[in-house]
$ cat run_34.cif   # mmCIF, N, CA and C atoms
data_my_file
loop_
_atom_site.label_atom_id
_atom_site.label_comp_id
_atom_site.auth_asym_id
_atom_site.auth_seq_id
_atom_site.Cartn_x
_atom_site.Cartn_y
_atom_site.Cartn_z
N MET L 217 1.92 24.45 -6.30
CA MET L 217 0.97 23.53 -5.69
C MET L 217 1.14 22.15 -6.32
N ALA L 218 1.27 21.16 -5.50
CA ALA L 218 1.48 19.79 -5.98
C ALA L 218 0.14 19.09 -6.19
N LEU L 219 0.15 18.09 -7.02
CA LEU L 219 -1.04 17.28 -7.30
C LEU L 219 -1.14 16.22 -6.21
N THR L 220 -2.28 16.19 -5.51
CA THR L 220 -2.49 15.23 -4.43
C THR L 220 -3.79 14.47 -4.67
N THR L 221 -3.94 13.34 -4.01
CA THR L 221 -5.15 12.53 -4.13
C THR L 221 -6.33 13.30 -3.54
N PRO L 222 -7.36 13.57 -4.35
CA PRO L 222 -8.52 14.27 -3.81
C PRO L 222 -9.31 13.39 -2.86
N ASP L 223 -10.03 14.02 -1.95
CA ASP L 223 -10.82 13.28 -0.95
C ASP L 223 -11.83 12.34 -1.60
N TRP L 224 -12.52 12.79 -2.66
CA TRP L 224 -13.54 11.95 -3.28
C TRP L 224 -12.94 10.65 -3.82
N LEU L 225 -11.66 10.68 -4.19
CA LEU L 225 -11.00 9.49 -4.70
C LEU L 225 -10.52 8.59 -3.56
N SER L 226 -9.91 9.18 -2.56
CA SER L 226 -9.40 8.36 -1.44
C SER L 226 -10.53 7.73 -0.63
N LEU L 227 -11.68 8.41 -0.55
CA LEU L 227 -12.83 7.83 0.17
C LEU L 227 -13.36 6.58 -0.50
N ARG L 228 -13.06 6.40 -1.78
CA ARG L 228 -13.50 5.22 -2.53
C ARG L 228 -12.36 4.24 -2.76
N GLY L 229 -11.30 4.39 -2.00
CA GLY L 229 -10.18 3.46 -2.08
C GLY L 229 -9.23 3.74 -3.23
N GLY L 230 -9.33 4.91 -3.82
CA GLY L 230 -8.46 5.25 -4.94
C GLY L 230 -7.21 5.99 -4.50
N GLU L 231 -6.25 6.01 -5.39
CA GLU L 231 -5.00 6.70 -5.13
C GLU L 231 -4.53 7.38 -6.41
N LEU L 232 -4.03 8.58 -6.27
CA LEU L 232 -3.49 9.32 -7.40
C LEU L 232 -1.98 9.39 -7.27
N LYS L 233 -1.28 8.98 -8.30
CA LYS L 233 0.18 9.03 -8.29
C LYS L 233 0.63 9.96 -9.42
N PRO L 234 1.17 11.13 -9.06
CA PRO L 234 1.66 12.05 -10.09
C PRO L 234 2.83 11.44 -10.85
N GLY L 235 2.92 11.74 -12.13
CA GLY L 235 4.03 11.26 -12.95
C GLY L 235 5.27 12.10 -12.69
N PRO L 236 6.44 11.56 -12.96
CA PRO L 236 7.68 12.29 -12.71
C PRO L 236 7.87 13.48 -13.65
N ASP L 237 7.13 13.52 -14.75
CA ASP L 237 7.28 14.60 -15.72
C ASP L 237 6.48 15.84 -15.37
N GLY L 238 5.58 15.75 -14.38
CA GLY L 238 4.76 16.89 -13.98
C GLY L 238 3.58 17.13 -14.90
N CYS L 239 3.44 16.33 -15.94
CA CYS L 239 2.35 16.49 -16.92
C CYS L 239 1.44 15.28 -16.98
N SER L 240 1.59 14.35 -16.05
CA SER L 240 0.76 13.15 -16.08
C SER L 240 0.49 12.68 -14.66
N ALA L 241 -0.54 11.82 -14.55
CA ALA L 241 -0.88 11.22 -13.27
C ALA L 241 -1.60 9.91 -13.54
N SER L 242 -1.51 9.00 -12.59
CA SER L 242 -2.16 7.69 -12.71
C SER L 242 -3.13 7.51 -11.55
N VAL L 243 -4.29 6.93 -11.85
CA VAL L 243 -5.31 6.68 -10.84
C VAL L 243 -5.39 5.17 -10.62
N TYR L 244 -5.24 4.77 -9.37
CA TYR L 244 -5.26 3.37 -8.98
C TYR L 244 -6.45 3.09 -8.07
N PHE L 245 -7.06 1.92 -8.24
CA PHE L 245 -8.06 1.39 -7.32
C PHE L 245 -7.60 0.00 -6.93
N ALA L 246 -7.55 -0.27 -5.63
CA ALA L 246 -7.09 -1.56 -5.11
C ALA L 246 -5.73 -1.93 -5.66
N GLY L 247 -4.86 -0.94 -5.81
CA GLY L 247 -3.51 -1.19 -6.29
C GLY L 247 -3.39 -1.45 -7.78
N GLN L 248 -4.51 -1.36 -8.50
CA GLN L 248 -4.51 -1.62 -9.94
C GLN L 248 -4.68 -0.31 -10.71
N LEU L 249 -3.83 -0.10 -11.69
CA LEU L 249 -3.91 1.09 -12.53
C LEU L 249 -5.21 1.06 -13.33
N GLN L 250 -6.01 2.12 -13.23
CA GLN L 250 -7.30 2.18 -13.92
C GLN L 250 -7.38 3.30 -14.95
N TYR L 251 -6.81 4.47 -14.63
CA TYR L 251 -6.88 5.63 -15.51
C TYR L 251 -5.54 6.33 -15.56
N VAL L 252 -5.25 6.91 -16.72
CA VAL L 252 -4.06 7.74 -16.89
C VAL L 252 -4.52 9.10 -17.38
N LEU L 253 -4.04 10.14 -16.71
CA LEU L 253 -4.32 11.51 -17.10
C LEU L 253 -3.04 12.10 -17.66
N LEU L 254 -3.14 12.74 -18.81
CA LEU L 254 -1.97 13.28 -19.47
C LEU L 254 -2.25 14.70 -19.93
N GLY L 255 -1.42 15.63 -19.48
CA GLY L 255 -1.52 17.00 -19.94
C GLY L 255 -0.98 17.11 -21.36
N VAL L 256 -1.78 17.70 -22.25
CA VAL L 256 -1.40 17.82 -23.66
C VAL L 256 -1.62 19.26 -24.12
N PRO L 257 -0.86 19.70 -25.13
CA PRO L 257 -1.07 21.03 -25.67
C PRO L 257 -2.43 21.13 -26.39
N ALA L 258 -3.09 22.29 -26.23
CA ALA L 258 -4.38 22.49 -26.88
C ALA L 258 -4.64 23.99 -27.04
N LYS L 259 -4.79 24.43 -28.26
CA LYS L 259 -5.14 25.83 -28.54
C LYS L 259 -4.19 26.81 -27.85
N GLY L 260 -2.92 26.50 -27.84
CA GLY L 260 -1.92 27.36 -27.22
C GLY L 260 -1.91 27.29 -25.70
N LYS L 261 -2.67 26.40 -25.13
CA LYS L 261 -2.72 26.23 -23.68
C LYS L 261 -2.55 24.76 -23.36
N HIS L 262 -3.28 24.26 -22.37
CA HIS L 262 -3.17 22.86 -21.95
C HIS L 262 -4.55 22.22 -21.81
N ALA L 263 -4.61 20.94 -22.09
CA ALA L 263 -5.83 20.14 -21.89
C ALA L 263 -5.42 18.85 -21.21
N CYS L 264 -6.38 18.05 -20.82
CA CYS L 264 -6.09 16.78 -20.17
C CYS L 264 -6.73 15.65 -20.96
N ARG L 265 -5.92 14.68 -21.33
CA ARG L 265 -6.40 13.47 -21.99
C ARG L 265 -6.51 12.38 -20.92
N ILE L 266 -7.69 11.81 -20.80
CA ILE L 266 -7.94 10.76 -19.80
C ILE L 266 -8.18 9.45 -20.54
N SER L 267 -7.43 8.42 -20.17
CA SER L 267 -7.59 7.11 -20.82
C SER L 267 -7.84 6.04 -19.77
N GLU L 268 -8.78 5.14 -20.09
CA GLU L 268 -8.99 3.96 -19.26
C GLU L 268 -7.93 2.94 -19.66
N THR L 269 -7.20 2.41 -18.70
CA THR L 269 -6.11 1.50 -19.03
C THR L 269 -6.60 0.10 -19.39
N ILE L 270 -7.77 -0.26 -18.94
CA ILE L 270 -8.29 -1.61 -19.19
C ILE L 270 -8.64 -1.82 -20.65
N ASN L 271 -9.26 -0.78 -21.26
CA ASN L 271 -9.74 -0.95 -22.63
C ASN L 271 -9.25 0.14 -23.59
N GLY L 272 -8.50 1.10 -23.10
CA GLY L 272 -7.95 2.15 -23.96
C GLY L 272 -8.92 3.25 -24.32
N ARG L 273 -10.15 3.20 -23.83
CA ARG L 273 -11.12 4.25 -24.13
C ARG L 273 -10.72 5.57 -23.51
N ARG L 274 -11.09 6.64 -24.20
CA ARG L 274 -10.82 7.98 -23.68
C ARG L 274 -12.09 8.60 -23.15
N ILE L 275 -11.90 9.42 -22.13
CA ILE L 275 -12.97 10.25 -21.60
C ILE L 275 -12.72 11.63 -22.17
N GLU L 276 -13.63 12.09 -23.00
CA GLU L 276 -13.43 13.34 -23.73
C GLU L 276 -13.77 14.56 -22.89
N SER L 277 -13.03 15.63 -23.14
CA SER L 277 -13.28 16.92 -22.52
C SER L 277 -12.77 17.99 -23.47
N GLY L 278 -13.53 19.05 -23.64
CA GLY L 278 -13.11 20.13 -24.52
C GLY L 278 -12.52 21.30 -23.77
N SER L 279 -12.28 21.15 -22.49
CA SER L 279 -11.77 22.26 -21.67
C SER L 279 -10.28 22.48 -21.89
N VAL L 280 -9.87 23.75 -21.85
CA VAL L 280 -8.46 24.12 -21.91
C VAL L 280 -8.11 24.95 -20.68
N TYR L 281 -6.85 24.88 -20.28
CA TYR L 281 -6.39 25.51 -19.05
C TYR L 281 -5.07 26.23 -19.31
N ASP L 282 -4.74 27.16 -18.42
CA ASP L 282 -3.52 27.94 -18.58
C ASP L 282 -2.25 27.16 -18.25
N THR L 283 -2.34 26.20 -17.33
CA THR L 283 -1.15 25.44 -16.92
C THR L 283 -1.42 23.94 -17.00
N ALA L 284 -0.35 23.17 -17.03
CA ALA L 284 -0.47 21.71 -17.06
C ALA L 284 -1.09 21.21 -15.76
N LEU L 285 -0.75 21.80 -14.64
CA LEU L 285 -1.32 21.39 -13.35
C LEU L 285 -2.82 21.66 -13.32
N ALA L 286 -3.23 22.80 -13.82
CA ALA L 286 -4.67 23.10 -13.88
C ALA L 286 -5.38 22.12 -14.80
N ALA L 287 -4.73 21.71 -15.88
CA ALA L 287 -5.33 20.74 -16.80
C ALA L 287 -5.51 19.39 -16.11
N LEU L 288 -4.53 18.96 -15.32
CA LEU L 288 -4.65 17.69 -14.60
C LEU L 288 -5.77 17.77 -13.56
N ASN L 289 -5.87 18.88 -12.86
CA ASN L 289 -6.95 19.04 -11.89
C ASN L 289 -8.30 19.07 -12.59
N GLY L 290 -8.37 19.71 -13.75
CA GLY L 290 -9.59 19.69 -14.54
C GLY L 290 -9.92 18.29 -15.02
N GLY L 291 -8.90 17.53 -15.39
CA GLY L 291 -9.09 16.15 -15.79
C GLY L 291 -9.64 15.30 -14.65
N LEU L 292 -9.19 15.56 -13.45
CA LEU L 292 -9.71 14.84 -12.29
C LEU L 292 -11.19 15.16 -12.09
N LYS L 293 -11.57 16.41 -12.29
CA LYS L 293 -12.98 16.78 -12.19
C LYS L 293 -13.80 16.06 -13.27
N ASP L 294 -13.25 16.01 -14.49
CA ASP L 294 -13.94 15.31 -15.57
C ASP L 294 -14.09 13.82 -15.25
N LEU L 295 -13.05 13.23 -14.67
CA LEU L 295 -13.11 11.82 -14.30
C LEU L 295 -14.18 11.60 -13.23
N ARG L 296 -14.20 12.48 -12.26
CA ARG L 296 -15.21 12.37 -11.19
C ARG L 296 -16.61 12.44 -11.78
N ASP L 297 -16.84 13.40 -12.68
CA ASP L 297 -18.15 13.52 -13.32
C ASP L 297 -18.49 12.26 -14.13
N HIS L 298 -17.50 11.74 -14.83
CA HIS L 298 -17.70 10.53 -15.64
C HIS L 298 -18.10 9.33 -14.77
N LEU L 299 -17.48 9.24 -13.61
CA LEU L 299 -17.77 8.14 -12.69
C LEU L 299 -19.08 8.36 -11.91
N GLY L 300 -19.63 9.55 -12.00
CA GLY L 300 -20.88 9.85 -11.29
C GLY L 300 -20.72 10.08 -9.82
N TRP L 301 -19.54 10.54 -9.42
CA TRP L 301 -19.27 10.79 -8.00
C TRP L 301 -19.31 12.27 -7.74
#

$ encode --input "run_34.cif" --output "C-alpha coordinates"
Amino acid sequence: MALTTPDWLSLRGGELKPGPDGCSASVYFAGQLQYVLLGVPAKGKHACRISETINGRRIESGSVYDTALAALNGGLKDLRDHLGW
(Lines of atoms letter the chains of each structure in order from A and count residues from 1; the text may use other names and numbers.)
(Lines give C-alpha, C1' and ligand atoms only; values in the text may rest on other atoms or scores of the structure.)
Protein backbone atom coordinates (compact mmCIF):
# COMPACT_ATOMS: atom_id res chain seq x y z
CA MET A 1 0.00 0.00 0.00
CA ALA A 2 1.43 3.35 -1.03
CA LEU A 3 1.30 6.56 0.99
CA THR A 4 -1.22 8.98 -0.53
CA THR A 5 -2.55 12.42 0.40
CA PRO A 6 -5.42 11.90 2.85
CA ASP A 7 -8.74 13.62 2.16
CA TRP A 8 -8.56 15.78 5.30
CA LEU A 9 -5.29 17.24 4.00
CA SER A 10 -6.29 17.77 0.37
CA LEU A 11 -9.59 19.42 1.42
CA ARG A 12 -7.49 22.10 3.15
CA GLY A 13 -5.19 22.65 0.18
CA GLY A 14 -2.45 20.38 1.46
CA GLU A 15 -0.36 17.86 -0.39
CA LEU A 16 1.63 14.88 0.82
CA LYS A 17 4.76 13.92 -1.09
CA PRO A 18 6.31 10.58 -0.11
CA GLY A 19 10.10 10.52 0.12
CA PRO A 20 12.09 8.33 -2.25
CA ASP A 21 13.43 6.28 0.68
CA GLY A 22 9.99 4.97 1.69
CA CYS A 23 10.57 6.16 5.28
CA SER A 24 9.72 9.83 4.96
CA ALA A 25 7.08 12.20 3.64
CA SER A 26 6.67 15.96 3.26
CA VAL A 27 3.50 17.97 3.83
CA TYR A 28 2.99 21.08 1.70
CA PHE A 29 0.43 23.88 1.95
CA ALA A 30 0.19 26.34 -0.96
CA GLY A 31 3.31 24.79 -2.44
CA GLN A 32 5.35 25.53 0.68
CA LEU A 33 6.95 22.77 2.75
CA GLN A 34 5.44 22.87 6.25
CA TYR A 35 6.04 19.48 7.91
CA VAL A 36 8.39 16.54 7.48
CA LEU A 37 7.47 13.07 8.70
CA LEU A 38 10.30 10.62 9.21
CA GLY A 39 10.05 6.96 10.13
CA VAL A 40 12.59 6.14 12.85
CA PRO A 41 13.47 3.00 14.80
CA ALA A 42 11.80 2.73 18.22
CA LYS A 43 11.70 -0.16 20.69
CA GLY A 44 12.51 -2.68 17.96
CA LYS A 45 9.73 -1.34 15.74
CA HIS A 46 9.00 1.99 14.02
CA ALA A 47 7.85 5.44 15.13
CA CYS A 48 7.25 8.70 13.30
CA ARG A 49 9.11 11.92 14.00
CA ILE A 50 7.18 14.99 12.85
CA SER A 51 9.00 18.31 12.46
CA GLU A 52 7.71 21.76 11.56
CA THR A 53 10.04 23.10 8.88
CA ILE A 54 9.44 26.77 9.72
CA ASN A 55 10.77 26.62 13.27
CA GLY A 56 12.17 23.10 13.73
CA ARG A 57 9.70 22.18 16.48
CA ARG A 58 8.70 18.57 16.85
CA ILE A 59 5.26 17.16 17.37
CA GLU A 60 5.74 14.40 19.91
CA SER A 61 4.13 10.97 19.81
CA GLY A 62 4.91 7.89 21.86
CA SER A 63 3.26 5.44 19.46
CA VAL A 64 5.19 2.58 17.85
CA TYR A 65 4.18 0.57 14.79
CA ASP A 66 5.17 -2.67 13.10
CA THR A 67 6.14 -1.11 9.76
CA ALA A 68 7.58 2.17 8.51
CA LEU A 69 4.45 2.77 6.40
CA ALA A 70 2.21 2.28 9.43
CA ALA A 71 4.41 4.72 11.36
CA LEU A 72 4.01 7.37 8.64
CA ASN A 73 0.24 6.87 8.60
CA GLY A 74 0.23 7.14 12.38
CA GLY A 75 2.29 10.31 12.09
CA LEU A 76 -0.31 11.76 9.74
CA LYS A 77 -3.00 11.03 12.33
CA ASP A 78 -0.88 12.72 14.99
CA LEU A 79 -0.41 15.74 12.72
CA ARG A 80 -4.14 15.93 12.07
CA ASP A 81 -4.83 15.82 15.82
CA HIS A 82 -2.18 18.49 16.43
CA LEU A 83 -3.77 20.77 13.84
CA GLY A 84 -7.21 20.20 15.35
CA TRP A 85 -8.72 18.78 12.18

$ resolve_selection --input "run_34.cif" --expression "the PyMOL selection byres ((chain L and resi 239-242) around 6.5)" --output "JSON, numbers by chain"
{"L": [231, 232, 233, 234, 235, 236, 237, 238, 243, 244, 250, 251, 252, 253, 254, 255, 284]}

$ resolve_selection --input "run_34.cif" --expression "the PyMOL selection byres (((chain L and resi 270-275 and name CA) around 12) and name CA)" --output "JSON, numbers by chain"
{"L": [244, 248, 249, 250, 251, 252, 253, 254, 264, 265, 266, 267, 268, 269, 276, 277, 278, 291, 292, 293, 294, 295, 296, 297, 298, 299]}

$ write_last_selection --input "run_34.cif" --atoms "N, CA and C atoms" --output "PDB file, in the coordinates of the input"
ATOM      1  N   TYR L 244      -5.240   4.770  -9.370  1.00  0.00           N
ATOM      2  CA  TYR L 244      -5.260   3.370  -8.980  1.00  0.00           C
ATOM      3  C   TYR L 244      -6.450   3.090  -8.070  1.00  0.00           C
ATOM      4  N   GLN L 248      -4.510  -1.360  -8.500  1.00  0.00           N
ATOM      5  CA  GLN L 248      -4.510  -1.620  -9.940  1.00  0.00           C
ATOM      6  C   GLN L 248      -4.680  -0.310 -10.710  1.00  0.00           C
ATOM      7  N   LEU L 249      -3.830  -0.100 -11.690  1.00  0.00           N
ATOM      8  CA  LEU L 249      -3.910   1.090 -12.530  1.00  0.00           C
ATOM      9  C   LEU L 249      -5.210   1.060 -13.330  1.00  0.00           C
ATOM     10  N   GLN L 250      -6.010   2.120 -13.230  1.00  0.00           N
ATOM     11  CA  GLN L 250      -7.300   2.180 -13.920  1.00  0.00           C
ATOM     12  C   GLN L 250      -7.380   3.300 -14.950  1.00  0.00           C
ATOM     13  N   TYR L 251      -6.810   4.470 -14.630  1.00  0.00           N
ATOM     14  CA  TYR L 251      -6.880   5.630 -15.510  1.00  0.00           C
ATOM     15  C   TYR L 251      -5.540   6.330 -15.560  1.00  0.00           C
ATOM     16  N   VAL L 252      -5.250   6.910 -16.720  1.00  0.00           N
ATOM     17  CA  VAL L 252      -4.060   7.740 -16.890  1.00  0.00           C
ATOM     18  C   VAL L 252      -4.520   9.100 -17.380  1.00  0.00           C
ATOM     19  N   LEU L 253      -4.040  10.140 -16.710  1.00  0.00           N
ATOM     20  CA  LEU L 253      -4.320  11.510 -17.100  1.00  0.00           C
ATOM     21  C   LEU L 253      -3.040  12.100 -17.660  1.00  0.00           C
ATOM     22  N   LEU L 254      -3.140  12.740 -18.810  1.00  0.00           N
ATOM     23  CA  LEU L 254      -1.970  13.280 -19.470  1.00  0.00           C
ATOM     24  C   LEU L 254      -2.250  14.700 -19.930  1.00  0.00           C
ATOM     25  N   CYS L 264      -6.380  18.050 -20.820  1.00  0.00           N
ATOM     26  CA  CYS L 264      -6.090  16.780 -20.170  1.00  0.00           C
ATOM     27  C   CYS L 264      -6.730  15.650 -20.960  1.00  0.00           C
ATOM     28  N   ARG L 265      -5.920  14.680 -21.330  1.00  0.00           N
ATOM     29  CA  ARG L 265      -6.400  13.470 -21.990  1.00  0.00           C
ATOM     30  C   ARG L 265      -6.510  12.380 -20.920  1.00  0.00           C
ATOM     31  N   ILE L 266      -7.690  11.810 -20.800  1.00  0.00           N
ATOM     32  CA  ILE L 266      -7.940  10.760 -19.800  1.00  0.00           C
ATOM     33  C   ILE L 266      -8.180   9.450 -20.540  1.00  0.00           C
ATOM     34  N   SER L 267      -7.430   8.420 -20.170  1.00  0.00           N
ATOM     35  CA  SER L 267      -7.590   7.110 -20.820  1.00  0.00           C
ATOM     36  C   SER L 267      -7.840   6.040 -19.770  1.00  0.00           C
ATOM     37  N   GLU L 268      -8.780   5.140 -20.090  1.00  0.00           N
ATOM     38  CA  GLU L 268      -8.990   3.960 -19.260  1.00  0.00           C
ATOM     39  C   GLU L 268      -7.930   2.940 -19.660  1.00  0.00           C
ATOM     40  N   THR L 269      -7.200   2.410 -18.700  1.00  0.00           N
ATOM     41  CA  THR L 269      -6.110   1.500 -19.030  1.00  0.00           C
ATOM     42  C   THR L 269      -6.600   0.100 -19.390  1.00  0.00           C
ATOM     43  N   GLU L 276     -13.630  12.090 -23.000  1.00  0.00           N
ATOM     44  CA  GLU L 276     -13.430  13.340 -23.730  1.00  0.00           C
ATOM     45  C   GLU L 276     -13.770  14.560 -22.890  1.00  0.00           C
ATOM     46  N   SER L 277     -13.030  15.630 -23.140  1.00  0.00           N
ATOM     47  CA  SER L 277     -13.280  16.920 -22.520  1.00  0.00           C
ATOM     48  C   SER L 277     -12.770  17.990 -23.470  1.00  0.00           C
ATOM     49  N   GLY L 278     -13.530  19.050 -23.640  1.00  0.00           N
ATOM     50  CA  GLY L 278     -13.110  20.130 -24.520  1.00  0.00           C
ATOM     51  C   GLY L 278     -12.520  21.300 -23.770  1.00  0.00           C
ATOM     52  N   GLY L 291      -8.900  17.530 -15.390  1.00  0.00           N
ATOM     53  CA  GLY L 291      -9.090  16.150 -15.790  1.00  0.00           C
ATOM     54  C   GLY L 291      -9.640  15.300 -14.650  1.00  0.00           C
ATOM     55  N   LEU L 292      -9.190  15.560 -13.450  1.00  0.00           N
ATOM     56  CA  LEU L 292      -9.710  14.840 -12.290  1.00  0.00           C
ATOM     57  C   LEU L 292     -11.190  15.160 -12.090  1.00  0.00           C
ATOM     58  N   LYS L 293     -11.570  16.410 -12.290  1.00  0.00           N
ATOM     59  CA  LYS L 293     -12.980  16.780 -12.190  1.00  0.00           C
ATOM     60  C   LYS L 293     -13.800  16.060 -13.270  1.00  0.00           C
ATOM     61  N   ASP L 294     -13.250  16.010 -14.490  1.00  0.00           N
ATOM     62  CA  ASP L 294     -13.940  15.310 -15.570  1.00  0.00           C
ATOM     63  C   ASP L 294     -14.090  13.820 -15.250  1.00  0.00           C
ATOM     64  N   LEU L 295     -13.050  13.230 -14.670  1.00  0.00           N
ATOM     65  CA  LEU L 295     -13.110  11.820 -14.300  1.00  0.00           C
ATOM     66  C   LEU L 295     -14.180  11.600 -13.230  1.00  0.00           C
ATOM     67  N   ARG L 296     -14.200  12.480 -12.260  1.00  0.00           N
ATOM     68  CA  ARG L 296     -15.210  12.370 -11.190  1.00  0.00           C
ATOM     69  C   ARG L 296     -16.610  12.440 -11.780  1.00  0.00           C
ATOM     70  N   ASP L 297     -16.840  13.400 -12.680  1.00  0.00           N
ATOM     71  CA  ASP L 297     -18.150  13.520 -13.320  1.00  0.00           C
ATOM     72  C   ASP L 297     -18.490  12.260 -14.130  1.00  0.00           C
ATOM     73  N   HIS L 298     -17.500  11.740 -14.830  1.00  0.00           N
ATOM     74  CA  HIS L 298     -17.700  10.530 -15.640  1.00  0.00           C
ATOM     75  C   HIS L 298     -18.100   9.330 -14.770  1.00  0.00           C
ATOM     76  N   LEU L 299     -17.480   9.240 -13.610  1.00  0.00           N
ATOM     77  CA  LEU L 299     -17.770   8.140 -12.690  1.00  0.00           C
ATOM     78  C   LEU L 299     -19.080   8.360 -11.910  1.00  0.00           C
TER      79      LEU L 299
END

$ resolve_selection --input "run_34.cif" --expression "the PyMOL selection byres ((chain L and resi 280) around 5)" --output "VMD selection string"
chain L and resid 262 to 263 278 to 279 281 to 282

$ select_by_dssp --input "run_34.cif" --residues "chain L" --states "strand (DSSP E or B)" --output "VMD selection string"
chain L and resid 230 to 234 240 to 245 248 to 258 261 to 268 274 to 275 281

$ write_last_selection --input "run_34.cif" --atoms "N, CA and C atoms" --output "CSV table (one decimal), in the frame of the given file"
chain,number,residue,atom,x,y,z
L,230,GLY,N,-9.3,4.9,-3.8
L,230,GLY,CA,-8.5,5.2,-4.9
L,230,GLY,C,-7.2,6.0,-4.5
L,231,GLU,N,-6.2,6.0,-5.4
L,231,GLU,CA,-5.0,6.7,-5.1
L,231,GLU,C,-4.5,7.4,-6.4
L,232,LEU,N,-4.0,8.6,-6.3
L,232,LEU,CA,-3.5,9.3,-7.4
L,232,LEU,C,-2.0,9.4,-7.3
L,233,LYS,N,-1.3,9.0,-8.3
L,233,LYS,CA,0.2,9.0,-8.3
L,233,LYS,C,0.6,10.0,-9.4
L,234,PRO,N,1.2,11.1,-9.1
L,234,PRO,CA,1.7,12.0,-10.1
L,234,PRO,C,2.8,11.4,-10.8
L,240,SER,N,1.6,14.4,-16.0
L,240,SER,CA,0.8,13.2,-16.1
L,240,SER,C,0.5,12.7,-14.7
L,241,ALA,N,-0.5,11.8,-14.6
L,241,ALA,CA,-0.9,11.2,-13.3
L,241,ALA,C,-1.6,9.9,-13.5
L,242,SER,N,-1.5,9.0,-12.6
L,242,SER,CA,-2.2,7.7,-12.7
L,242,SER,C,-3.1,7.5,-11.6
L,243,VAL,N,-4.3,6.9,-11.8
L,243,VAL,CA,-5.3,6.7,-10.8
L,243,VAL,C,-5.4,5.2,-10.6
L,244,TYR,N,-5.2,4.8,-9.4
L,244,TYR,CA,-5.3,3.4,-9.0
L,244,TYR,C,-6.4,3.1,-8.1
L,245,PHE,N,-7.1,1.9,-8.2
L,245,PHE,CA,-8.1,1.4,-7.3
L,245,PHE,C,-7.6,0.0,-6.9
L,248,GLN,N,-4.5,-1.4,-8.5
L,248,GLN,CA,-4.5,-1.6,-9.9
L,248,GLN,C,-4.7,-0.3,-10.7
L,249,LEU,N,-3.8,-0.1,-11.7
L,249,LEU,CA,-3.9,1.1,-12.5
L,249,LEU,C,-5.2,1.1,-13.3
L,250,GLN,N,-6.0,2.1,-13.2
L,250,GLN,CA,-7.3,2.2,-13.9
L,250,GLN,C,-7.4,3.3,-15.0
L,251,TYR,N,-6.8,4.5,-14.6
L,251,TYR,CA,-6.9,5.6,-15.5
L,251,TYR,C,-5.5,6.3,-15.6
L,252,VAL,N,-5.2,6.9,-16.7
L,252,VAL,CA,-4.1,7.7,-16.9
L,252,VAL,C,-4.5,9.1,-17.4
L,253,LEU,N,-4.0,10.1,-16.7
L,253,LEU,CA,-4.3,11.5,-17.1
L,253,LEU,C,-3.0,12.1,-17.7
L,254,LEU,N,-3.1,12.7,-18.8
L,254,LEU,CA,-2.0,13.3,-19.5
L,254,LEU,C,-2.2,14.7,-19.9
L,255,GLY,N,-1.4,15.6,-19.5
L,255,GLY,CA,-1.5,17.0,-19.9
L,255,GLY,C,-1.0,17.1,-21.4
L,256,VAL,N,-1.8,17.7,-22.2
L,256,VAL,CA,-1.4,17.8,-23.7
L,256,VAL,C,-1.6,19.3,-24.1
L,257,PRO,N,-0.9,19.7,-25.1
L,257,PRO,CA,-1.1,21.0,-25.7
L,257,PRO,C,-2.4,21.1,-26.4
L,258,ALA,N,-3.1,22.3,-26.2
L,258,ALA,CA,-4.4,22.5,-26.9
L,258,ALA,C,-4.6,24.0,-27.0
L,261,LYS,N,-2.7,26.4,-25.1
L,261,LYS,CA,-2.7,26.2,-23.7
L,261,LYS,C,-2.6,24.8,-23.4
L,262,HIS,N,-3.3,24.3,-22.4
L,262,HIS,CA,-3.2,22.9,-22.0
L,262,HIS,C,-4.6,22.2,-21.8
L,263,ALA,N,-4.6,20.9,-22.1
L,263,ALA,CA,-5.8,20.1,-21.9
L,263,ALA,C,-5.4,18.8,-21.2
L,264,CYS,N,-6.4,18.0,-20.8
L,264,CYS,CA,-6.1,16.8,-20.2
L,264,CYS,C,-6.7,15.6,-21.0
L,265,ARG,N,-5.9,14.7,-21.3
L,265,ARG,CA,-6.4,13.5,-22.0
L,265,ARG,C,-6.5,12.4,-20.9
L,266,ILE,N,-7.7,11.8,-20.8
L,266,ILE,CA,-7.9,10.8,-19.8
L,266,ILE,C,-8.2,9.4,-20.5
L,267,SER,N,-7.4,8.4,-20.2
L,267,SER,CA,-7.6,7.1,-20.8
L,267,SER,C,-7.8,6.0,-19.8
L,268,GLU,N,-8.8,5.1,-20.1
L,268,GLU,CA,-9.0,4.0,-19.3
L,268,GLU,C,-7.9,2.9,-19.7
L,274,ARG,N,-11.1,6.6,-24.2
L,274,ARG,CA,-10.8,8.0,-23.7
L,274,ARG,C,-12.1,8.6,-23.2
L,275,ILE,N,-11.9,9.4,-22.1
L,275,ILE,CA,-13.0,10.2,-21.6
L,275,ILE,C,-12.7,11.6,-22.2
L,281,TYR,N,-6.8,24.9,-20.3
L,281,TYR,CA,-6.4,25.5,-19.0
L,281,TYR,C,-5.1,26.2,-19.3

$ atom_distance --input "run_34.cif" --atom1 "atom CA of Lys261 of chain L" --atom2 "atom CA of Thr283 of chain L"
7.0 Å

$ atom_distance --input "run_34.cif" --atom1 "atom CA of Pro257 of chain L" --atom2 "atom C of Thr221 of chain L"
24.0 Å
